[in-house]
Amino acid sequence: MNLFRTKRIIQFGQYAYPLSYLAILFVAYKWPVPGSIAAVVLSAGLWLLLKSSFCWLSKVCDEQTDLKNQLMQSQKISALGEISTGIAHEINNPLNIIMQETELMRVALHEDSTQEELYELRESLDVVFQQVERCSDITHKLLDFSRKRHPVTQTADINRLLLDMLILVQSETESKNIRIVKRFSTDIPNIKTDPPLLRQVFLNLLNNAVQAVDRDDDIFVTTWSHDDMVFAEIRDSGPGISENEIKQIFNPFYTTKPPGKGTGLGLSVSLRIVNQLGGYITVDSELGKGAAFTVHVPI
Amino acid sequence: MSRIRVLVVDDEPDFLKLIGRRLERRNVDVDVVNNGQEALEFLSKTFVNVVILDVRMPGLSGIETLKEIRRRYRNTEVIMLTGHGSVESGIEGISHGAYDYILKPFLIDDLLERIRAANEHATLKQKVRGGA
Ligand SMILES: Nc1ncnc2c1ncn2[C@@H]1O[C@H](COP(=O)(O)OP(=O)(O)OP(=O)(O)O)[C@@H](O)[C@H]1O
Ligand SMILES: [Mg+2]
């Protein structure tokens, strides 16, 4: 390997280089003429050595760029595959139900359908309608995911934004007997951000937390600031997320929830939004130990 | 600065009368209508900065009305009004482009503050779009 050879040369050089100078100094001091010749020869030799290791290094850099491109391409393709599978899966479920229902309707609908059959027909139509609504919900989420957002920055108080969303969902959390524990830092500066986008992120994270704890548990909502960043953490005491899963939860359509309950777009949309606002989301979780999602946004 | 034009959409006449009067007193131009259909008709004739929209109305639902408003009038912001919030409905409204939510009952100052913020958002957005 080129990289390995280059490394050896440089490693060797770090001792040889200063030593050779000392040797030349010594020789030149004792015998000026042969000393000068030795100096010229040695410097030529060193030049050759460095030049060849430079060539090797450049080659290695090129190779690395190639590898990176290949990797990115294969990652892109596998992400695309995952997304396609997700979409297909999400749409196939309702399609399947619609197909079954229309078949039933075909049987029930004839010239002299009985009252009972007409009733069945109506029921089937209702189901078809519901499933079509489900499909349109999925396409809406997809469009929302890919929508080009133009964040508009306004001055906002992150505590206030979070509190608003907590109040909005309060009747639901209370009915599930979930206790929300707020630990808001009082000396957080106002931030420049797009409030409705941030609201969407907080609602998505709250939604996940509420679904994770289910009932009779605590959700801790904490805010703080550090340097030029503001942080909002939503921590639940639910089942937590395994290390393997953490790598996937931000992928669009990754979900562990039953069909109709989750589309797997909440986190991917949220991450996109937060990235557009100049921040990022971190996860702290272990299986059985709850999960914490932290939104980091610049001031 | 010019006055903010607001349209309140709710199916409760008493509420409309009250809020109309209270907002007028705070130097906001207010119009009120009873349902989503009327709101869309009103908007087709008059430009409005901020719409206050009840989530639950008979006929065209709050969300349906929101979708239409966002599609047709990009410079109009919408604040959803609800008596009973939930995570799901919150996500639905916000992801369809609502600027904010306010829970009934509310203080008029609170609503006013949100109206101002929503109006500022619309103005800034127009500028961003104009500049791009
Ligand atoms: N707080 C949490 N605790 C445990 N697991 C979580 C938590 N938040 C997210 N996850 C895992 O990450 C997955 C993806 O979350 P995401 O919000 O993207 O989609 P979803 O909640 O399944 O569906 P949607 O948000 O579209 O309704 C979830 O299905 C779940 O397995
Ligand atoms: Mg979710």
# chains A, B, ... in the order shown; residues from 1 in each chain; ligands from 1

call {"tool": "residues_around", "arguments": {"residues": "Arg134 in chain A", "least_positions_apart": "4", "cutoff": "9 Å", "atoms": "only C-alpha atoms", "output": "list of chain:residue names"}}
result
A:Ile91, A:Pro94, A:Phe129, A:Gln130, A:Ile138, A:Thr139, A:Gly260

call {"tool": "write_last_selection", "arguments": {"atoms": "all heavy atoms", "output": "mmCIF file, in the first residue's frame"}}
result
data_model
loop_
_atom_site.group_PDB
_atom_site.id
_atom_site.type_symbol
_atom_site.label_atom_id
_atom_site.label_comp_id
_atom_site.auth_asym_id
_atom_site.auth_seq_id
_atom_site.Cartn_x
_atom_site.Cartn_y
_atom_site.Cartn_z
ATOM 1 N N ILE A 91 -48.368 2.390 1.071
ATOM 2 C CA ILE A 91 -49.484 2.537 0.134
ATOM 3 C C ILE A 91 -50.174 1.189 -0.117
ATOM 4 O O ILE A 91 -51.366 1.121 -0.368
ATOM 5 C CB ILE A 91 -48.985 3.133 -1.206
ATOM 6 C CG1 ILE A 91 -48.299 4.467 -0.963
ATOM 7 C CG2 ILE A 91 -50.114 3.262 -2.220
ATOM 8 C CD1 ILE A 91 -49.159 5.681 -1.047
ATOM 9 N N PRO A 94 -53.337 0.130 2.427
ATOM 10 C CA PRO A 94 -54.675 0.616 2.068
ATOM 11 C C PRO A 94 -55.152 0.105 0.709
ATOM 12 O O PRO A 94 -56.333 -0.213 0.543
ATOM 13 C CB PRO A 94 -54.521 2.142 2.055
ATOM 14 C CG PRO A 94 -53.089 2.443 2.194
ATOM 15 C CD PRO A 94 -52.415 1.234 2.742
ATOM 16 N N PHE A 129 -63.537 4.875 1.351
ATOM 17 C CA PHE A 129 -63.308 6.299 1.567
ATOM 18 C C PHE A 129 -62.224 6.533 2.621
ATOM 19 O O PHE A 129 -61.296 7.318 2.422
ATOM 20 C CB PHE A 129 -64.617 6.970 2.004
ATOM 21 C CG PHE A 129 -64.511 8.446 2.113
ATOM 22 C CD1 PHE A 129 -64.556 9.240 0.971
ATOM 23 C CD2 PHE A 129 -64.340 9.058 3.344
ATOM 24 C CE1 PHE A 129 -64.442 10.617 1.059
ATOM 25 C CE2 PHE A 129 -64.216 10.437 3.441
ATOM 26 C CZ PHE A 129 -64.272 11.212 2.299
ATOM 27 N N GLN A 130 -62.318 5.797 3.719
ATOM 28 C CA GLN A 130 -61.319 5.922 4.783
ATOM 29 C C GLN A 130 -59.916 5.625 4.278
ATOM 30 O O GLN A 130 -58.954 6.316 4.599
ATOM 31 C CB GLN A 130 -61.604 4.907 5.891
ATOM 32 C CG GLN A 130 -62.515 5.396 6.978
ATOM 33 C CD GLN A 130 -62.888 4.245 7.898
ATOM 34 O OE1 GLN A 130 -62.214 3.202 7.910
ATOM 35 N NE2 GLN A 130 -63.965 4.416 8.632
ATOM 36 N N ILE A 138 -50.792 10.061 3.480
ATOM 37 C CA ILE A 138 -49.410 9.657 3.203
ATOM 38 C C ILE A 138 -48.782 10.572 2.152
ATOM 39 O O ILE A 138 -47.654 11.044 2.312
ATOM 40 C CB ILE A 138 -49.356 8.188 2.730
ATOM 41 C CG1 ILE A 138 -49.821 7.264 3.853
ATOM 42 C CG2 ILE A 138 -47.951 7.814 2.279
ATOM 43 C CD1 ILE A 138 -50.148 5.865 3.395
ATOM 44 N N THR A 139 -49.538 10.841 1.084
ATOM 45 C CA THR A 139 -48.948 11.711 0.054
ATOM 46 C C THR A 139 -48.725 13.118 0.594
ATOM 47 O O THR A 139 -47.742 13.752 0.271
ATOM 48 C CB THR A 139 -49.813 11.782 -1.223
ATOM 49 O OG1 THR A 139 -51.152 12.018 -0.842
ATOM 50 C CG2 THR A 139 -49.723 10.521 -2.040
ATOM 51 N N GLY A 260 -50.904 2.696 9.979
ATOM 52 C CA GLY A 260 -51.959 3.635 10.331
ATOM 53 C C GLY A 260 -51.610 4.468 11.551
ATOM 54 O O GLY A 260 -52.169 5.524 11.767
#

call {"tool": "interface_residues", "arguments": {"of": "chain A", "to": "chain B", "cutoff": "10 Å", "atoms": "only C-alpha atoms", "output": "count of residues only"}}
result
39

call {"tool": "residues_near_ligand", "arguments": {"ligand": "ligand 2", "cutoff": "10 Å", "atoms": "only C-alpha atoms and all ligand atoms", "output": "list of chain:residue names"}}
result
A:Leu203, A:Asn204, A:Leu205, A:Leu206, A:Asn207, A:Asn208, A:Ala209, A:Val210, A:Gln211, A:Ala212, A:Ile249, A:Tyr254, A:Thr255, A:Thr256, A:Lys257, A:Lys261, A:Gly262, A:Thr263, A:Gly264, A:Leu265, A:Gly266, A:Leu267, A:Ser268, A:Val269, A:Ser270

call {"tool": "write_last_selection", "arguments": {"atoms": "N, CA, C and O atoms", "output": "short mmCIF file (atom, residue, chain, number, x, y, z; two decimals), in the first residue's frame"}}
result
data_model
loop_
_atom_site.label_atom_id
_atom_site.label_comp_id
_atom_site.auth_asym_id
_atom_site.auth_seq_id
_atom_site.Cartn_x
_atom_site.Cartn_y
_atom_site.Cartn_z
N LEU A 203 -43.67 19.33 18.16
CA LEU A 203 -44.86 18.48 18.18
C LEU A 203 -44.51 17.06 17.77
O LEU A 203 -44.99 16.10 18.37
N ASN A 204 -43.65 16.92 16.77
CA ASN A 204 -43.25 15.57 16.35
C ASN A 204 -42.52 14.83 17.46
O ASN A 204 -42.77 13.65 17.70
N LEU A 205 -41.61 15.53 18.14
CA LEU A 205 -40.87 14.88 19.21
C LEU A 205 -41.79 14.54 20.39
O LEU A 205 -41.67 13.47 20.99
N LEU A 206 -42.71 15.47 20.70
CA LEU A 206 -43.67 15.20 21.78
C LEU A 206 -44.54 14.01 21.42
O LEU A 206 -44.84 13.16 22.26
N ASN A 207 -44.96 13.97 20.16
CA ASN A 207 -45.78 12.87 19.70
C ASN A 207 -45.08 11.53 19.93
O ASN A 207 -45.66 10.60 20.48
N ASN A 208 -43.81 11.47 19.55
CA ASN A 208 -43.05 10.24 19.75
C ASN A 208 -42.95 9.89 21.23
O ASN A 208 -43.09 8.73 21.61
N ALA A 209 -42.68 10.90 22.05
CA ALA A 209 -42.53 10.64 23.48
C ALA A 209 -43.84 10.14 24.08
O ALA A 209 -43.85 9.17 24.83
N VAL A 210 -44.94 10.81 23.72
CA VAL A 210 -46.24 10.40 24.24
C VAL A 210 -46.56 8.97 23.80
O VAL A 210 -47.04 8.15 24.58
N GLN A 211 -46.25 8.66 22.53
CA GLN A 211 -46.52 7.30 22.06
C GLN A 211 -45.59 6.28 22.71
O GLN A 211 -45.96 5.13 22.89
N ALA A 212 -44.39 6.72 23.08
CA ALA A 212 -43.43 5.79 23.67
C ALA A 212 -43.81 5.43 25.11
O ALA A 212 -43.69 4.28 25.52
N ILE A 249 -33.54 5.51 12.72
CA ILE A 249 -34.79 6.22 13.03
C ILE A 249 -34.97 7.52 12.26
O ILE A 249 -36.09 7.97 12.10
N TYR A 254 -38.90 4.88 8.20
CA TYR A 254 -38.55 3.89 9.20
C TYR A 254 -39.52 4.03 10.37
O TYR A 254 -39.60 5.06 11.02
N THR A 255 -40.27 2.98 10.63
CA THR A 255 -41.20 3.02 11.76
C THR A 255 -41.33 1.64 12.38
O THR A 255 -41.15 0.63 11.71
N THR A 256 -41.61 1.61 13.67
CA THR A 256 -41.87 0.34 14.34
C THR A 256 -43.32 0.31 14.81
O THR A 256 -43.71 -0.56 15.56
N LYS A 257 -44.06 1.34 14.37
CA LYS A 257 -45.45 1.42 14.82
C LYS A 257 -46.37 0.72 13.84
O LYS A 257 -46.05 0.61 12.66
N LYS A 261 -50.68 3.96 12.37
CA LYS A 261 -50.30 4.70 13.59
C LYS A 261 -49.11 5.62 13.33
O LYS A 261 -49.05 6.72 13.85
N GLY A 262 -48.16 5.11 12.55
CA GLY A 262 -46.99 5.93 12.26
C GLY A 262 -46.55 5.72 10.83
O GLY A 262 -46.64 4.62 10.30
N THR A 263 -46.11 6.80 10.21
CA THR A 263 -45.63 6.70 8.83
C THR A 263 -44.12 6.63 8.80
O THR A 263 -43.53 6.32 7.78
N GLY A 264 -43.49 6.99 9.91
CA GLY A 264 -42.03 6.98 9.92
C GLY A 264 -41.44 8.22 9.28
O GLY A 264 -40.30 8.20 8.82
N LEU A 265 -42.23 9.29 9.25
CA LEU A 265 -41.70 10.51 8.63
C LEU A 265 -41.44 11.62 9.66
O LEU A 265 -40.79 12.61 9.36
N GLY A 266 -41.95 11.42 10.88
CA GLY A 266 -41.84 12.48 11.88
C GLY A 266 -40.40 12.93 12.12
O GLY A 266 -40.10 14.13 12.04
N LEU A 267 -39.52 11.99 12.38
CA LEU A 267 -38.14 12.36 12.70
C LEU A 267 -37.38 12.87 11.47
O LEU A 267 -36.59 13.80 11.57
N SER A 268 -37.63 12.26 10.32
CA SER A 268 -36.88 12.70 9.13
C SER A 268 -37.28 14.13 8.75
O SER A 268 -36.42 14.94 8.40
N VAL A 269 -38.58 14.42 8.86
CA VAL A 269 -39.03 15.79 8.59
C VAL A 269 -38.40 16.75 9.60
O VAL A 269 -37.87 17.80 9.24
N SER A 270 -38.44 16.34 10.88
CA SER A 270 -37.91 17.22 11.92
C SER A 270 -36.42 17.50 11.72
O SER A 270 -35.97 18.64 11.86
#

call {"tool": "select_by_dssp", "arguments": {"residues": "chain B", "states": "strand (DSSP E or B)", "output": "PyMOL selection string"}}
result
chain B and resi 5-9+29-33+50-54+77-82+100-103

call {"tool": "closest_residue", "arguments": {"among": "A:Val213, A:Val27, A:Leu121, A:Ile77", "to": "ligand 1", "atoms": "only C-alpha atoms and all ligand atoms"}}
result
A:Val213

call {"tool": "residues_around", "arguments": {"residues": "Val28 in chain B", "least_positions_apart": "5", "cutoff": "7 Å", "atoms": "only C-alpha atoms", "output": "VMD selection string"}}
result
chain B and resid 3 to 5 23

call {"tool": "write_last_selection", "arguments": {"atoms": "N, CA, C and O atoms", "output": "tab-separated table (two decimals), in the first residue's frame"}}
result
chain	number	residue	atom	x	y	z
B	3	ARG	N	-52.36	49.16	9.43
B	3	ARG	CA	-53.12	48.30	10.35
B	3	ARG	C	-53.19	46.87	9.82
B	3	ARG	O	-53.18	46.64	8.62
B	4	ILE	N	-53.28	45.96	10.76
B	4	ILE	CA	-53.36	44.55	10.38
B	4	ILE	C	-54.81	44.20	10.11
B	4	ILE	O	-55.71	44.56	10.87
B	5	ARG	N	-55.03	43.49	9.00
B	5	ARG	CA	-56.40	43.04	8.67
B	5	ARG	C	-56.56	41.60	9.10
B	5	ARG	O	-55.80	40.73	8.69
B	23	LEU	N	-61.06	43.25	19.35
B	23	LEU	CA	-59.91	43.48	18.48
B	23	LEU	C	-59.96	44.87	17.84
B	23	LEU	O	-58.94	45.52	17.68

call {"tool": "select_by_dssp", "arguments": {"residues": "range 20-253 of chain A", "states": "alpha helix (DSSP H)", "output": "ChimeraX atom specification"}}
result
/A:20-30,32-108,115-146,158-175,195-213,243-246

call {"tool": "residues_around", "arguments": {"residues": "Phe293 in chain A", "least_positions_apart": "3", "cutoff": "7 Å", "atoms": "only C-alpha atoms", "output": "NGL selection string"}}
result
:A and (233-235 or 281-284)

call {"tool": "residues_around", "arguments": {"residues": "Val30 in chain B", "least_positions_apart": "4", "cutoff": "9 Å", "atoms": "only C-alpha atoms", "output": "number ranges by chain"}}
result
B: 4-8, 19-21, 23-24

call {"tool": "closest_residue", "arguments": {"among": "A:Leu95, A:Ala44, A:Ile273, A:Cys61", "to": "Glu133 in chain A", "atoms": "only C-alpha atoms"}}
result
A:Leu95

call {"tool": "residues_around", "arguments": {"residues": "Asp228 in chain A", "least_positions_apart": "3", "cutoff": "8 Å", "atoms": "only C-alpha atoms", "output": "number ranges by chain"}}
result
A: 225, 298-299

call {"tool": "atom_distance", "arguments": {"atom1": "CA of Asp14 in chain B", "atom2": "CA of Pro58 in chain B"}}
result
16.4 Å

call {"tool": "atom_distance", "arguments": {"atom1": "CA of Phe220 in chain A", "atom2": "atom 26 (O, counted along the ligand's line) of ligand 1"}}
result
21.7 Å

call {"tool": "residues_around", "arguments": {"residues": "Gly62 in chain B", "least_positions_apart": "5", "cutoff": "7 Å", "atoms": "only C-alpha atoms", "output": "compact mmCIF listing (two decimals) with all heavy atoms, in the first residue's frame"}}
result
# COMPACT_ATOMS: atom_id res chain seq x y z
N GLY B 36 -66.19 27.98 7.03
CA GLY B 36 -65.07 27.90 6.10
C GLY B 36 -65.43 28.39 4.71
O GLY B 36 -64.67 29.11 4.06
N LEU B 53 -58.82 30.86 12.75
CA LEU B 53 -59.69 29.82 12.21
C LEU B 53 -60.02 28.76 13.26
O LEU B 53 -59.12 28.11 13.80
CB LEU B 53 -58.95 29.18 11.03
CG LEU B 53 -59.64 28.15 10.18
CD1 LEU B 53 -60.88 28.74 9.52
CD2 LEU B 53 -58.69 27.63 9.12
N ASP B 54 -61.29 28.61 13.53
CA ASP B 54 -61.71 27.57 14.47
C ASP B 54 -61.48 26.19 13.83
O ASP B 54 -61.78 25.99 12.66
CB ASP B 54 -63.19 27.75 14.81
CG ASP B 54 -63.61 26.90 15.98
OD1 ASP B 54 -62.72 26.32 16.63
OD2 ASP B 54 -64.82 26.80 16.25
N VAL B 55 -60.92 25.27 14.60
CA VAL B 55 -60.63 23.95 14.05
C VAL B 55 -61.91 23.18 13.78
O VAL B 55 -62.07 22.52 12.76
CB VAL B 55 -59.74 23.15 15.03
CG1 VAL B 55 -59.56 21.73 14.55
CG2 VAL B 55 -58.40 23.82 15.22
N ARG B 56 -62.87 23.30 14.73
CA ARG B 56 -64.09 22.51 14.59
C ARG B 56 -65.26 23.37 14.16
O ARG B 56 -65.73 24.21 14.92
CB ARG B 56 -64.40 21.80 15.89
CG ARG B 56 -63.64 20.48 15.94
CD ARG B 56 -63.58 19.99 17.32
NE ARG B 56 -64.75 19.18 17.64
CZ ARG B 56 -64.79 18.48 18.77
NH1 ARG B 56 -63.81 18.53 19.62
NH2 ARG B 56 -65.84 17.72 19.03
N MET B 57 -65.68 23.13 12.94
CA MET B 57 -66.84 23.86 12.43
C MET B 57 -67.67 22.89 11.61
O MET B 57 -67.14 21.98 10.99
CB MET B 57 -66.39 25.00 11.51
CG MET B 57 -65.70 26.14 12.22
SD MET B 57 -65.23 27.42 11.06
CE MET B 57 -64.06 26.59 10.02

call {"tool": "closest_residue", "arguments": {"among": "B:Ile52, B:Leu81, B:Leu18, B:Val9", "to": "Asn34 in chain B", "atoms": "only C-alpha atoms"}}
result
B:Val9
